[in-house]
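A.B. asks: work21.cif is reproduced below (mmCIF, C-alpha atoms and all ligand atoms).
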```
data_model
loop_
_atom_site.group_PDB
_atom_site.id
_atom_site.type_symbol
_atom_site.label_atom_id
_atom_site.label_comp_id
_atom_site.auth_asym_id
_atom_site.auth_seq_id
_atom_site.Cartn_x
_atom_site.Cartn_y
_atom_site.Cartn_z
ATOM 1 C CA MET U 1 -41.483 7.573 181.849
ATOM 2 C CA THR U 2 -39.653 4.526 180.542
ATOM 3 C CA ARG U 3 -41.587 1.417 179.538
ATOM 4 C CA TYR U 4 -39.851 -0.666 182.222
ATOM 5 C CA GLN U 5 -38.541 0.431 185.606
ATOM 6 C CA ARG U 6 -36.645 -2.730 186.526
ATOM 7 C CA ILE U 7 -35.177 -5.097 183.970
ATOM 8 C CA LEU U 8 -33.047 -8.198 183.976
ATOM 9 C CA ILE U 9 -30.642 -8.636 181.077
ATOM 10 C CA LYS U 10 -29.259 -12.074 180.225
ATOM 11 C CA LEU U 11 -25.888 -11.820 178.483
ATOM 12 C CA SER U 12 -24.357 -15.052 177.271
ATOM 13 C CA GLY U 13 -20.669 -15.814 177.449
ATOM 14 C CA GLU U 14 -20.575 -15.587 173.687
ATOM 15 C CA ASN U 15 -21.432 -11.878 174.046
ATOM 16 C CA PHE U 16 -18.272 -11.363 176.089
ATOM 17 C CA GLY U 17 -15.798 -13.304 174.045
ATOM 18 C CA GLY U 18 -16.742 -11.982 170.627
ATOM 19 C CA GLY U 19 -16.807 -15.621 169.498
ATOM 20 C CA GLU U 20 -13.434 -16.485 171.068
ATOM 21 C CA VAL U 21 -12.356 -18.028 174.369
ATOM 22 C CA GLY U 22 -11.842 -15.360 177.028
ATOM 23 C CA VAL U 23 -13.011 -11.785 177.314
ATOM 24 C CA ASP U 24 -12.803 -9.220 174.513
ATOM 25 C CA PRO U 25 -12.325 -5.859 176.263
ATOM 26 C CA ILE U 26 -13.633 -3.883 173.290
ATOM 27 C CA VAL U 27 -16.869 -5.855 173.300
ATOM 28 C CA VAL U 28 -17.309 -5.625 177.069
ATOM 29 C CA ALA U 29 -16.597 -1.872 176.998
ATOM 30 C CA SER U 30 -19.352 -1.375 174.461
ATOM 31 C CA ILE U 31 -21.818 -3.500 176.485
ATOM 32 C CA ALA U 32 -20.931 -1.397 179.545
ATOM 33 C CA LYS U 33 -21.501 1.860 177.668
ATOM 34 C CA GLU U 34 -24.961 0.779 176.656
ATOM 35 C CA ILE U 35 -25.884 -0.402 180.143
ATOM 36 C CA ALA U 36 -24.577 2.855 181.597
ATOM 37 C CA ALA U 37 -26.956 4.785 179.333
ATOM 38 C CA VAL U 38 -29.862 2.600 180.433
ATOM 39 C CA ALA U 39 -29.001 3.043 184.121
ATOM 40 C CA ALA U 40 -28.613 6.810 183.613
ATOM 41 C CA SER U 41 -32.173 6.944 182.266
ATOM 42 C CA GLY U 42 -33.343 5.834 185.718
ATOM 43 C CA VAL U 43 -34.051 2.184 184.903
ATOM 44 C CA GLN U 44 -32.953 -0.375 187.486
ATOM 45 C CA VAL U 45 -30.723 -2.958 185.855
ATOM 46 C CA ALA U 46 -29.892 -6.493 186.982
ATOM 47 C CA ILE U 47 -27.763 -8.718 184.783
ATOM 48 C CA VAL U 48 -27.205 -12.464 184.630
ATOM 49 C CA VAL U 49 -24.009 -13.402 182.903
ATOM 50 C CA GLY U 50 -23.287 -16.682 181.110
ATOM 51 C CA GLY U 51 -19.952 -18.382 180.789
ATOM 52 C CA GLY U 52 -19.912 -20.249 177.515
ATOM 53 C CA ASN U 53 -16.854 -18.267 176.372
ATOM 54 C CA PHE U 54 -14.888 -20.197 179.002
ATOM 55 C CA PHE U 55 -16.520 -23.548 179.711
ATOM 56 C CA ARG U 56 -19.776 -25.327 179.082
ATOM 57 C CA GLY U 57 -20.367 -28.262 181.390
ATOM 58 C CA SER U 58 -22.042 -30.388 178.734
ATOM 59 C CA GLU U 59 -19.078 -29.974 176.362
ATOM 60 C CA LEU U 60 -16.530 -30.903 179.019
ATOM 61 C CA GLN U 61 -18.679 -33.911 179.892
ATOM 62 C CA GLN U 62 -18.482 -35.056 176.285
ATOM 63 C CA ALA U 63 -14.702 -34.752 176.563
ATOM 64 C CA GLY U 64 -14.830 -37.193 179.481
ATOM 65 C CA MET U 65 -15.185 -35.015 182.578
ATOM 66 C CA ASP U 66 -17.555 -35.602 185.441
ATOM 67 C CA ARG U 67 -20.591 -33.453 184.689
ATOM 68 C CA SER U 68 -20.960 -31.769 188.065
ATOM 69 C CA ARG U 69 -17.317 -30.791 188.279
ATOM 70 C CA ALA U 70 -17.458 -29.496 184.721
ATOM 71 C CA ASP U 71 -20.555 -27.470 185.564
ATOM 72 C CA TYR U 72 -18.750 -25.897 188.519
ATOM 73 C CA MET U 73 -16.002 -24.868 186.098
ATOM 74 C CA GLY U 74 -18.709 -23.366 183.909
ATOM 75 C CA MET U 75 -20.096 -21.420 186.854
ATOM 76 C CA LEU U 76 -16.660 -20.115 187.820
ATOM 77 C CA GLY U 77 -16.211 -18.922 184.234
ATOM 78 C CA THR U 78 -19.297 -16.717 184.550
ATOM 79 C CA VAL U 79 -17.672 -14.902 187.479
ATOM 80 C CA MET U 80 -14.745 -13.773 185.317
ATOM 81 C CA ASN U 81 -17.234 -12.234 182.902
ATOM 82 C CA CYS U 82 -18.980 -10.524 185.831
ATOM 83 C CA LEU U 83 -15.732 -8.956 187.021
ATOM 84 C CA ALA U 84 -14.865 -7.748 183.532
ATOM 85 C CA LEU U 85 -18.293 -6.181 183.133
ATOM 86 C CA GLN U 86 -18.108 -4.620 186.597
ATOM 87 C CA ASP U 87 -14.779 -3.060 185.746
ATOM 88 C CA PHE U 88 -16.005 -1.503 182.514
ATOM 89 C CA LEU U 89 -19.239 -0.324 184.126
ATOM 90 C CA GLU U 90 -17.272 1.415 186.849
ATOM 91 C CA LYS U 91 -15.120 3.075 184.193
ATOM 92 C CA GLU U 92 -18.420 4.467 182.868
ATOM 93 C CA GLY U 93 -19.143 5.802 186.356
ATOM 94 C CA VAL U 94 -21.852 3.248 187.182
ATOM 95 C CA ASP U 95 -22.027 1.908 190.722
ATOM 96 C CA THR U 96 -22.007 -1.859 190.389
ATOM 97 C CA ARG U 97 -22.260 -4.884 192.652
ATOM 98 C CA VAL U 98 -21.494 -8.475 191.750
ATOM 99 C CA GLN U 99 -23.367 -11.158 193.688
ATOM 100 C CA THR U 100 -22.428 -14.791 193.251
ATOM 101 C CA ALA U 101 -24.350 -17.965 193.972
ATOM 102 C CA ILE U 102 -21.084 -19.623 195.070
ATOM 103 C CA THR U 103 -19.589 -17.660 197.938
ATOM 104 C CA MET U 104 -16.260 -16.005 197.182
ATOM 105 C CA GLY U 105 -16.004 -13.095 199.578
ATOM 106 C CA GLN U 106 -12.801 -11.631 198.162
ATOM 107 C CA VAL U 107 -14.263 -10.981 194.752
ATOM 108 C CA ALA U 108 -18.003 -10.544 195.176
ATOM 109 C CA GLU U 109 -20.926 -10.376 197.571
ATOM 110 C CA PRO U 110 -22.902 -13.543 198.168
ATOM 111 C CA TYR U 111 -26.288 -13.724 196.470
ATOM 112 C CA ILE U 112 -28.725 -12.089 198.885
ATOM 113 C CA PRO U 113 -31.927 -11.208 197.065
ATOM 114 C CA ARG U 114 -33.127 -8.519 199.461
ATOM 115 C CA LYS U 115 -29.745 -6.842 199.343
ATOM 116 C CA ALA U 116 -29.771 -7.061 195.562
ATOM 117 C CA MET U 117 -33.101 -5.249 195.542
ATOM 118 C CA ARG U 118 -31.722 -2.537 197.847
ATOM 119 C CA HIS U 119 -28.808 -2.036 195.447
ATOM 120 C CA LEU U 120 -31.229 -1.742 192.545
ATOM 121 C CA GLU U 121 -33.345 0.807 194.413
ATOM 122 C CA LYS U 122 -30.207 2.861 194.971
ATOM 123 C CA GLY U 123 -29.487 2.833 191.242
ATOM 124 C CA ARG U 124 -26.664 0.315 191.363
ATOM 125 C CA VAL U 125 -26.357 -2.216 188.598
ATOM 126 C CA VAL U 126 -26.359 -5.732 190.066
ATOM 127 C CA ILE U 127 -24.554 -8.500 188.215
ATOM 128 C CA PHE U 128 -25.381 -12.063 189.186
ATOM 129 C CA GLY U 129 -22.593 -14.597 188.742
ATOM 130 C CA ALA U 130 -21.857 -18.278 189.291
ATOM 131 C CA GLY U 131 -25.210 -19.286 187.853
ATOM 132 C CA SER U 132 -27.503 -20.886 190.397
ATOM 133 C CA GLY U 133 -24.577 -22.470 192.231
ATOM 134 C CA MET U 134 -26.007 -25.829 191.130
ATOM 135 C CA PRO U 135 -24.816 -28.153 188.398
ATOM 136 C CA TYR U 136 -27.245 -29.204 185.642
ATOM 137 C CA PHE U 137 -28.733 -25.737 185.359
ATOM 138 C CA SER U 138 -28.111 -23.026 182.792
ATOM 139 C CA THR U 139 -27.715 -19.295 183.123
ATOM 140 C CA ASP U 140 -30.915 -18.849 181.064
ATOM 141 C CA THR U 141 -32.770 -20.555 183.891
ATOM 142 C CA VAL U 142 -30.977 -18.390 186.438
ATOM 143 C CA ALA U 143 -32.015 -15.301 184.467
ATOM 144 C CA ALA U 144 -35.665 -16.336 184.739
ATOM 145 C CA GLN U 145 -35.339 -17.193 188.432
ATOM 146 C CA ARG U 146 -33.480 -14.004 189.408
ATOM 147 C CA ALA U 147 -35.894 -11.856 187.406
ATOM 148 C CA LEU U 148 -38.761 -13.390 189.345
ATOM 149 C CA GLU U 149 -37.062 -13.160 192.710
ATOM 150 C CA VAL U 150 -35.966 -9.509 192.420
ATOM 151 C CA HIS U 151 -39.294 -8.543 190.787
ATOM 152 C CA ALA U 152 -37.949 -7.433 187.444
ATOM 153 C CA GLU U 153 -40.678 -6.687 184.912
ATOM 154 C CA VAL U 154 -39.033 -8.361 181.956
ATOM 155 C CA VAL U 155 -36.113 -10.562 180.914
ATOM 156 C CA LEU U 156 -34.110 -9.195 177.992
ATOM 157 C CA MET U 157 -32.321 -12.077 176.262
ATOM 158 C CA ALA U 158 -29.373 -11.015 174.126
ATOM 159 C CA LYS U 159 -28.806 -13.430 171.230
ATOM 160 C CA ASN U 160 -25.762 -13.612 169.021
ATOM 161 C CA GLY U 161 -26.244 -13.641 165.275
ATOM 162 C CA VAL U 162 -30.026 -13.219 165.357
ATOM 163 C CA ASP U 163 -32.219 -10.281 166.344
ATOM 164 C CA GLY U 164 -35.392 -12.002 167.503
ATOM 165 C CA VAL U 165 -37.494 -15.125 167.167
ATOM 166 C CA TYR U 166 -38.076 -16.293 163.595
ATOM 167 C CA THR U 167 -40.496 -18.706 161.941
ATOM 168 C CA ALA U 168 -37.436 -20.819 161.060
ATOM 169 C CA ASP U 169 -33.661 -20.484 161.411
ATOM 170 C CA PRO U 170 -32.940 -17.383 159.264
ATOM 171 C CA LYS U 171 -29.393 -18.615 158.590
ATOM 172 C CA LYS U 172 -30.757 -21.746 156.935
ATOM 173 C CA ASP U 173 -34.060 -20.527 155.560
ATOM 174 C CA PRO U 174 -34.030 -17.157 153.723
ATOM 175 C CA THR U 175 -37.853 -17.051 153.736
ATOM 176 C CA ALA U 176 -37.957 -17.061 157.567
ATOM 177 C CA THR U 177 -39.726 -14.055 159.067
ATOM 178 C CA LYS U 178 -39.362 -12.460 162.475
ATOM 179 C CA TYR U 179 -42.145 -12.365 165.035
ATOM 180 C CA ASP U 180 -42.658 -8.967 166.680
ATOM 181 C CA GLU U 181 -44.792 -10.545 169.378
ATOM 182 C CA LEU U 182 -45.651 -14.054 170.478
ATOM 183 C CA THR U 183 -47.344 -15.771 173.379
ATOM 184 C CA PHE U 184 -45.629 -18.550 175.328
ATOM 185 C CA GLY U 185 -48.373 -20.886 174.120
ATOM 186 C CA GLU U 186 -47.688 -20.071 170.457
ATOM 187 C CA ALA U 187 -43.946 -20.502 170.951
ATOM 188 C CA LEU U 188 -44.543 -23.891 172.534
ATOM 189 C CA GLN U 189 -46.991 -25.007 169.862
ATOM 190 C CA LYS U 190 -44.687 -23.907 167.025
ATOM 191 C CA GLN U 191 -41.636 -25.360 168.814
ATOM 192 C CA LEU U 192 -39.773 -22.045 168.633
ATOM 193 C CA LYS U 193 -36.617 -21.800 170.700
ATOM 194 C CA ILE U 194 -36.704 -18.787 173.026
ATOM 195 C CA ALA U 195 -34.558 -20.019 175.911
ATOM 196 C CA ASP U 196 -33.781 -23.415 177.370
ATOM 197 C CA ALA U 197 -36.795 -25.461 178.446
ATOM 198 C CA THR U 198 -36.494 -24.837 182.192
ATOM 199 C CA ALA U 199 -36.129 -21.079 181.738
ATOM 200 C CA PHE U 200 -39.041 -21.040 179.303
ATOM 201 C CA ALA U 201 -41.266 -22.981 181.711
ATOM 202 C CA LEU U 202 -40.420 -20.681 184.635
ATOM 203 C CA CYS U 203 -41.270 -17.567 182.626
ATOM 204 C CA MET U 204 -44.427 -19.060 181.183
ATOM 205 C CA GLU U 205 -45.769 -20.305 184.520
ATOM 206 C CA ASN U 206 -45.047 -17.021 186.247
ATOM 207 C CA LYS U 207 -46.007 -14.729 183.373
ATOM 208 C CA MET U 208 -42.575 -13.156 183.121
ATOM 209 C CA PRO U 209 -42.274 -11.536 179.674
ATOM 210 C CA ILE U 210 -39.143 -12.091 177.604
ATOM 211 C CA VAL U 211 -37.742 -9.841 174.899
ATOM 212 C CA VAL U 212 -35.339 -11.629 172.559
ATOM 213 C CA TYR U 213 -33.055 -9.112 170.839
ATOM 214 C CA GLY U 214 -29.824 -9.067 168.855
ATOM 215 C CA ALA U 215 -26.665 -8.641 170.913
ATOM 216 C CA GLU U 216 -25.031 -6.922 167.920
ATOM 217 C CA ASP U 217 -27.787 -4.310 167.718
ATOM 218 C CA GLU U 218 -26.098 -1.384 169.457
ATOM 219 C CA GLY U 219 -28.356 0.559 171.769
ATOM 220 C CA ALA U 220 -31.121 -2.064 171.594
ATOM 221 C CA VAL U 221 -31.586 -2.297 175.365
ATOM 222 C CA TYR U 222 -31.844 1.469 175.665
ATOM 223 C CA ARG U 223 -34.434 1.634 172.918
ATOM 224 C CA ILE U 224 -36.410 -1.312 174.344
ATOM 225 C CA VAL U 225 -36.721 0.361 177.732
ATOM 226 C CA GLN U 226 -37.825 3.550 175.973
ATOM 227 C CA GLY U 227 -40.704 1.541 174.514
ATOM 228 C CA GLU U 228 -39.434 0.875 170.993
ATOM 229 C CA LYS U 229 -40.547 -2.467 169.574
ATOM 230 C CA ILE U 230 -37.296 -4.285 168.971
ATOM 231 C CA GLY U 231 -36.686 -8.000 168.665
ATOM 232 C CA THR U 232 -39.521 -10.307 169.737
ATOM 233 C CA LEU U 233 -41.686 -9.806 172.810
ATOM 234 C CA VAL U 234 -42.934 -13.070 174.313
ATOM 235 C CA THR U 235 -45.784 -12.751 176.785
ATOM 236 C CA ALA U 236 -48.311 -14.922 178.597
HETATM 237 N N1 LIG Y 301 -23.858 -23.690 184.931
HETATM 238 C C1 LIG Y 301 -24.339 -24.543 185.926
HETATM 239 N N2 LIG Y 301 -25.361 -24.132 186.713
HETATM 240 C C2 LIG Y 301 -25.970 -22.934 186.562
HETATM 241 C C3 LIG Y 301 -25.504 -22.074 185.536
HETATM 242 C C4 LIG Y 301 -24.455 -22.481 184.733
HETATM 243 O O1 LIG Y 301 -23.832 -25.638 186.102
HETATM 244 O O2 LIG Y 301 -26.882 -22.611 187.348
HETATM 245 C C5 LIG Y 301 -22.674 -24.092 184.149
HETATM 246 C C6 LIG Y 301 -22.973 -25.018 182.985
HETATM 247 O O3 LIG Y 301 -21.913 -25.934 182.873
HETATM 248 C C7 LIG Y 301 -22.965 -24.082 181.795
HETATM 249 C C8 LIG Y 301 -21.885 -23.088 182.186
HETATM 250 O O4 LIG Y 301 -22.050 -22.936 183.602
HETATM 251 O O5 LIG Y 301 -22.645 -24.736 180.611
HETATM 252 C C9 LIG Y 301 -21.967 -21.730 181.520
HETATM 253 O O6 LIG Y 301 -23.295 -21.255 181.556
HETATM 254 P P1 LIG Y 301 -24.185 -21.173 180.232
HETATM 255 O O7 LIG Y 301 -23.895 -22.313 179.328
HETATM 256 O O8 LIG Y 301 -25.608 -20.991 180.649
HETATM 257 O O9 LIG Y 301 -23.628 -19.844 179.615
HETATM 258 P P2 LIG Y 301 -23.979 -19.148 178.216
HETATM 259 O O10 LIG Y 301 -24.380 -20.211 177.237
HETATM 260 O O11 LIG Y 301 -25.097 -18.217 178.498
HETATM 261 O O12 LIG Y 301 -22.729 -18.437 177.858
#
```
Since I need it in another form, could you write the structure as structure tokens?
Ligand code: UDP
C.D. replies:
Amino acid sequence: MTRYQRILIKLSGENFGGGEVGVDPIVVASIAKEIAAVAASGVQVAIVVGGGNFFRGSELQQAGMDRSRADYMGMLGTVMNCLALQDFLEKEGVDTRVQTAITMGQVAEPYIPRKAMRHLEKGRVVIFGAGSGMPYFSTDTVAAQRALEVHAEVVLMAKNGVDGVYTADPKKDPTATKYDELTFGEALQKQLKIADATAFALCMENKMPIVVYGAEDEGAVYRIVQGEKIGTLVTA
């Protein structure tokens, strides 16, 4: 029996681009391989995909664009990542559905939570794209919301360049140490950054645990669902 039966993974755009603009097929293929192994172990997998490898609304706003329009561009960027991931998952033989919060019938299903849950029950991986469909939100927040709505047991947050939550930024402070476990209250009190504030609040209020793990740590998701203590577990 795996530790979790239904998980939601949040992958940021940075995970897809390998630090560059666009999609790095080698990186996406390796993400897909790992997710295929997790799905094959009988765990139901939902994924929320970010889009920072294409556009971030706040950055375009700083360059002079209207924020809402820029955010819509950001949301559309996430859909390209979804399609890339779907393609590589299907190459691994995993049945996959993309559901988007902005309707685009030619490329994806609309976001219908009950249908998403049916897909999950049938062993299909469900990828949620286009964020919440609303400007001024982030895909971290969508990850928390979707996890709650489809009754996932945990949000797995993939981070680039760091493998958990540390006492201080390990890139700046070599004495920083990693937390294996934390409560939301401790994270708040110590001002530790787990996710953006809205996502954090949603998880805390609704007691949705978060595991922060390193995106570069190959096989981490598989080992987490098997019960290995990897990264940092944040609980109520
Ligand atoms: N975005 C949005 N509403 C949402 C989710 C995302 O407006 O519900 C926009 C926002 O502009 C954001 C961009 O989409 O900057 C990409 O998402 P995010 O920055 O969360 O991606 P990540 O940092 O995870 O790659």
A.B. asks: I need the residue nearest Asp163 in chain U from this list: U:Gly214, U:Pro113, U:Gly52, U:Gly77. Use all atoms listed in the file for the distance.
C.D. replies: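 Closest residue, counting all atoms listed in the file: U:Gly214.
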A.B. asks: Could you pull out every residue with an atom within 10 Å of (-25.4, -12.6, 162.3), file coordinates, counting only C-alpha atoms, and send them as an NGL selection string?
C.D. replies: :U and (159-163 or 170-171 or 214-216)
A.B. asks: Quote the spacing between CA of Gly51 in chain U and atom C8 of ligand LIG 301 (chain Y) in Å to one decimal place.
C.D. replies: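 Spanning CA of Gly51 in chain U to atom C8 of ligand LIG 301 (chain Y) is a straight-line distance of 5.3 Å.
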A.B. asks: Would you compute the box with edges along x, y and z of the file around range 49-59 of chain U, including every atom the file lists for it and 6 Å extra on each side, and give its centre and edge lengths in Å to one decimal, as lines of an AutoDock Vina configuration file?
C.D. replies:
```
center_x = -19.4
center_y = -21.9
center_z = 179.6
size_x = 21.1
size_y = 29.0
size_z = 18.5
```
A.B. asks: Using only C-alpha atoms and all ligand atoms, can you tell me which of U:Glu153, U:Asp173, U:Glu121, U:Asp196 comes closest to ligand LIG 301 (chain Y)?
C.D. replies: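 Nearest candidate to ligand LIG 301 (chain Y) out of U:Glu153, U:Asp173, U:Glu121, U:Asp196: U:Asp196.
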A.B. asks: If you measure from CA of Arg69 in chain U to atom O5 of ligand LIG 301 (chain Y), what distance in Å do you get, rounded to one decimal?
C.D. replies: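 Calculated distance between CA of Arg69 in chain U and atom O5 of ligand LIG 301 (chain Y) is 11.1 Å.
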A.B. asks: Set the distance at 8 Å and use only C-alpha atoms: which residues neighbour Leu120 in chain U once local chain neighbours fewer than 4 positions away are removed? I'd like the list as a ChimeraX atom specification.
C.D. replies: /U:44-46,116,124-126
A.B. asks: Compute the distance from (-40.9, -13.5, 167.6) to each atom, counting only C-alpha atoms, keep the residues with any atom at most 6 Å away, and return them as JSON, numbers by chain; use the coordinates of the file.
C.D. replies: {"U": [164, 165, 166, 178, 179, 180, 181, 182, 232]}
A.B. asks: Keeping only C-alpha atoms, write the selected residues as a short mmCIF file (atom, residue, chain, number, x, y, z; two decimals), in the frame of the given file.
C.D. replies:
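Once written, part33.cif looks like this:
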```cif
data_model
loop_
_atom_site.label_atom_id
_atom_site.label_comp_id
_atom_site.auth_asym_id
_atom_site.auth_seq_id
_atom_site.Cartn_x
_atom_site.Cartn_y
_atom_site.Cartn_z
CA GLY U 164 -35.39 -12.00 167.50
CA VAL U 165 -37.49 -15.12 167.17
CA TYR U 166 -38.08 -16.29 163.60
CA LYS U 178 -39.36 -12.46 162.48
CA TYR U 179 -42.14 -12.36 165.04
CA ASP U 180 -42.66 -8.97 166.68
CA GLU U 181 -44.79 -10.54 169.38
CA LEU U 182 -45.65 -14.05 170.48
CA THR U 232 -39.52 -10.31 169.74
#
```
A.B. asks: Would you kindly place N, CA and C atoms on range 175-197 of chain U and return the model as a PDB file, keeping the file's coordinate frame?
C.D. replies:
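Produced file result-v9.pdb, reproduced below:
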```
ATOM      1  N   THR U 175     -36.461 -17.524 153.721  1.00  0.00           N
ATOM      2  CA  THR U 175     -37.853 -17.051 153.736  1.00  0.00           C
ATOM      3  C   THR U 175     -38.377 -16.865 155.167  1.00  0.00           C
ATOM      4  N   ALA U 176     -37.527 -17.176 156.159  1.00  0.00           N
ATOM      5  CA  ALA U 176     -37.957 -17.061 157.567  1.00  0.00           C
ATOM      6  C   ALA U 176     -38.303 -15.608 157.893  1.00  0.00           C
ATOM      7  N   THR U 177     -39.350 -15.418 158.662  1.00  0.00           N
ATOM      8  CA  THR U 177     -39.726 -14.055 159.067  1.00  0.00           C
ATOM      9  C   THR U 177     -39.712 -13.939 160.586  1.00  0.00           C
ATOM     10  N   LYS U 178     -39.486 -12.705 161.037  1.00  0.00           N
ATOM     11  CA  LYS U 178     -39.362 -12.460 162.475  1.00  0.00           C
ATOM     12  C   LYS U 178     -40.737 -12.180 163.081  1.00  0.00           C
ATOM     13  N   TYR U 179     -40.945 -12.713 164.275  1.00  0.00           N
ATOM     14  CA  TYR U 179     -42.145 -12.365 165.035  1.00  0.00           C
ATOM     15  C   TYR U 179     -41.862 -11.086 165.826  1.00  0.00           C
ATOM     16  N   ASP U 180     -42.791 -10.135 165.802  1.00  0.00           N
ATOM     17  CA  ASP U 180     -42.658  -8.967 166.680  1.00  0.00           C
ATOM     18  C   ASP U 180     -43.161  -9.318 168.072  1.00  0.00           C
ATOM     19  N   GLU U 181     -44.226 -10.115 168.104  1.00  0.00           N
ATOM     20  CA  GLU U 181     -44.792 -10.545 169.378  1.00  0.00           C
ATOM     21  C   GLU U 181     -45.249 -11.981 169.276  1.00  0.00           C
ATOM     22  N   LEU U 182     -45.255 -12.652 170.409  1.00  0.00           N
ATOM     23  CA  LEU U 182     -45.651 -14.054 170.478  1.00  0.00           C
ATOM     24  C   LEU U 182     -46.197 -14.317 171.868  1.00  0.00           C
ATOM     25  N   THR U 183     -47.019 -15.335 172.015  1.00  0.00           N
ATOM     26  CA  THR U 183     -47.344 -15.771 173.379  1.00  0.00           C
ATOM     27  C   THR U 183     -46.504 -17.018 173.673  1.00  0.00           C
ATOM     28  N   PHE U 184     -46.367 -17.333 174.951  1.00  0.00           N
ATOM     29  CA  PHE U 184     -45.629 -18.550 175.328  1.00  0.00           C
ATOM     30  C   PHE U 184     -46.287 -19.774 174.692  1.00  0.00           C
ATOM     31  N   GLY U 185     -47.623 -19.765 174.693  1.00  0.00           N
ATOM     32  CA  GLY U 185     -48.373 -20.886 174.120  1.00  0.00           C
ATOM     33  C   GLY U 185     -48.044 -21.074 172.648  1.00  0.00           C
ATOM     34  N   GLU U 186     -48.007 -19.974 171.895  1.00  0.00           N
ATOM     35  CA  GLU U 186     -47.688 -20.071 170.457  1.00  0.00           C
ATOM     36  C   GLU U 186     -46.267 -20.586 170.251  1.00  0.00           C
ATOM     37  N   ALA U 187     -45.347 -20.073 171.082  1.00  0.00           N
ATOM     38  CA  ALA U 187     -43.946 -20.502 170.951  1.00  0.00           C
ATOM     39  C   ALA U 187     -43.820 -22.004 171.198  1.00  0.00           C
ATOM     40  N   LEU U 188     -44.571 -22.468 172.180  1.00  0.00           N
ATOM     41  CA  LEU U 188     -44.543 -23.891 172.534  1.00  0.00           C
ATOM     42  C   LEU U 188     -45.123 -24.727 171.392  1.00  0.00           C
ATOM     43  N   GLN U 189     -46.281 -24.277 170.913  1.00  0.00           N
ATOM     44  CA  GLN U 189     -46.991 -25.007 169.862  1.00  0.00           C
ATOM     45  C   GLN U 189     -46.155 -25.062 168.581  1.00  0.00           C
ATOM     46  N   LYS U 190     -45.474 -23.964 168.263  1.00  0.00           N
ATOM     47  CA  LYS U 190     -44.687 -23.907 167.025  1.00  0.00           C
ATOM     48  C   LYS U 190     -43.264 -24.398 167.238  1.00  0.00           C
ATOM     49  N   GLN U 191     -42.972 -24.847 168.463  1.00  0.00           N
ATOM     50  CA  GLN U 191     -41.636 -25.360 168.814  1.00  0.00           C
ATOM     51  C   GLN U 191     -40.540 -24.352 168.495  1.00  0.00           C
ATOM     52  N   LEU U 192     -40.772 -23.095 168.858  1.00  0.00           N
ATOM     53  CA  LEU U 192     -39.773 -22.045 168.633  1.00  0.00           C
ATOM     54  C   LEU U 192     -38.862 -21.972 169.850  1.00  0.00           C
ATOM     55  N   LYS U 193     -37.562 -21.803 169.582  1.00  0.00           N
ATOM     56  CA  LYS U 193     -36.617 -21.800 170.700  1.00  0.00           C
ATOM     57  C   LYS U 193     -36.419 -20.366 171.197  1.00  0.00           C
ATOM     58  N   ILE U 194     -36.835 -20.112 172.425  1.00  0.00           N
ATOM     59  CA  ILE U 194     -36.704 -18.787 173.026  1.00  0.00           C
ATOM     60  C   ILE U 194     -35.557 -18.809 174.044  1.00  0.00           C
ATOM     61  N   ALA U 195     -35.585 -19.821 174.881  1.00  0.00           N
ATOM     62  CA  ALA U 195     -34.558 -20.019 175.911  1.00  0.00           C
ATOM     63  C   ALA U 195     -34.557 -21.518 176.183  1.00  0.00           C
ATOM     64  N   ASP U 196     -33.717 -21.975 177.112  1.00  0.00           N
ATOM     65  CA  ASP U 196     -33.781 -23.415 177.370  1.00  0.00           C
ATOM     66  C   ASP U 196     -35.110 -23.759 178.054  1.00  0.00           C
ATOM     67  N   ALA U 197     -35.450 -25.039 178.054  1.00  0.00           N
ATOM     68  CA  ALA U 197     -36.795 -25.461 178.446  1.00  0.00           C
ATOM     69  C   ALA U 197     -37.157 -25.061 179.875  1.00  0.00           C
TER      70      ALA U 197
END
```
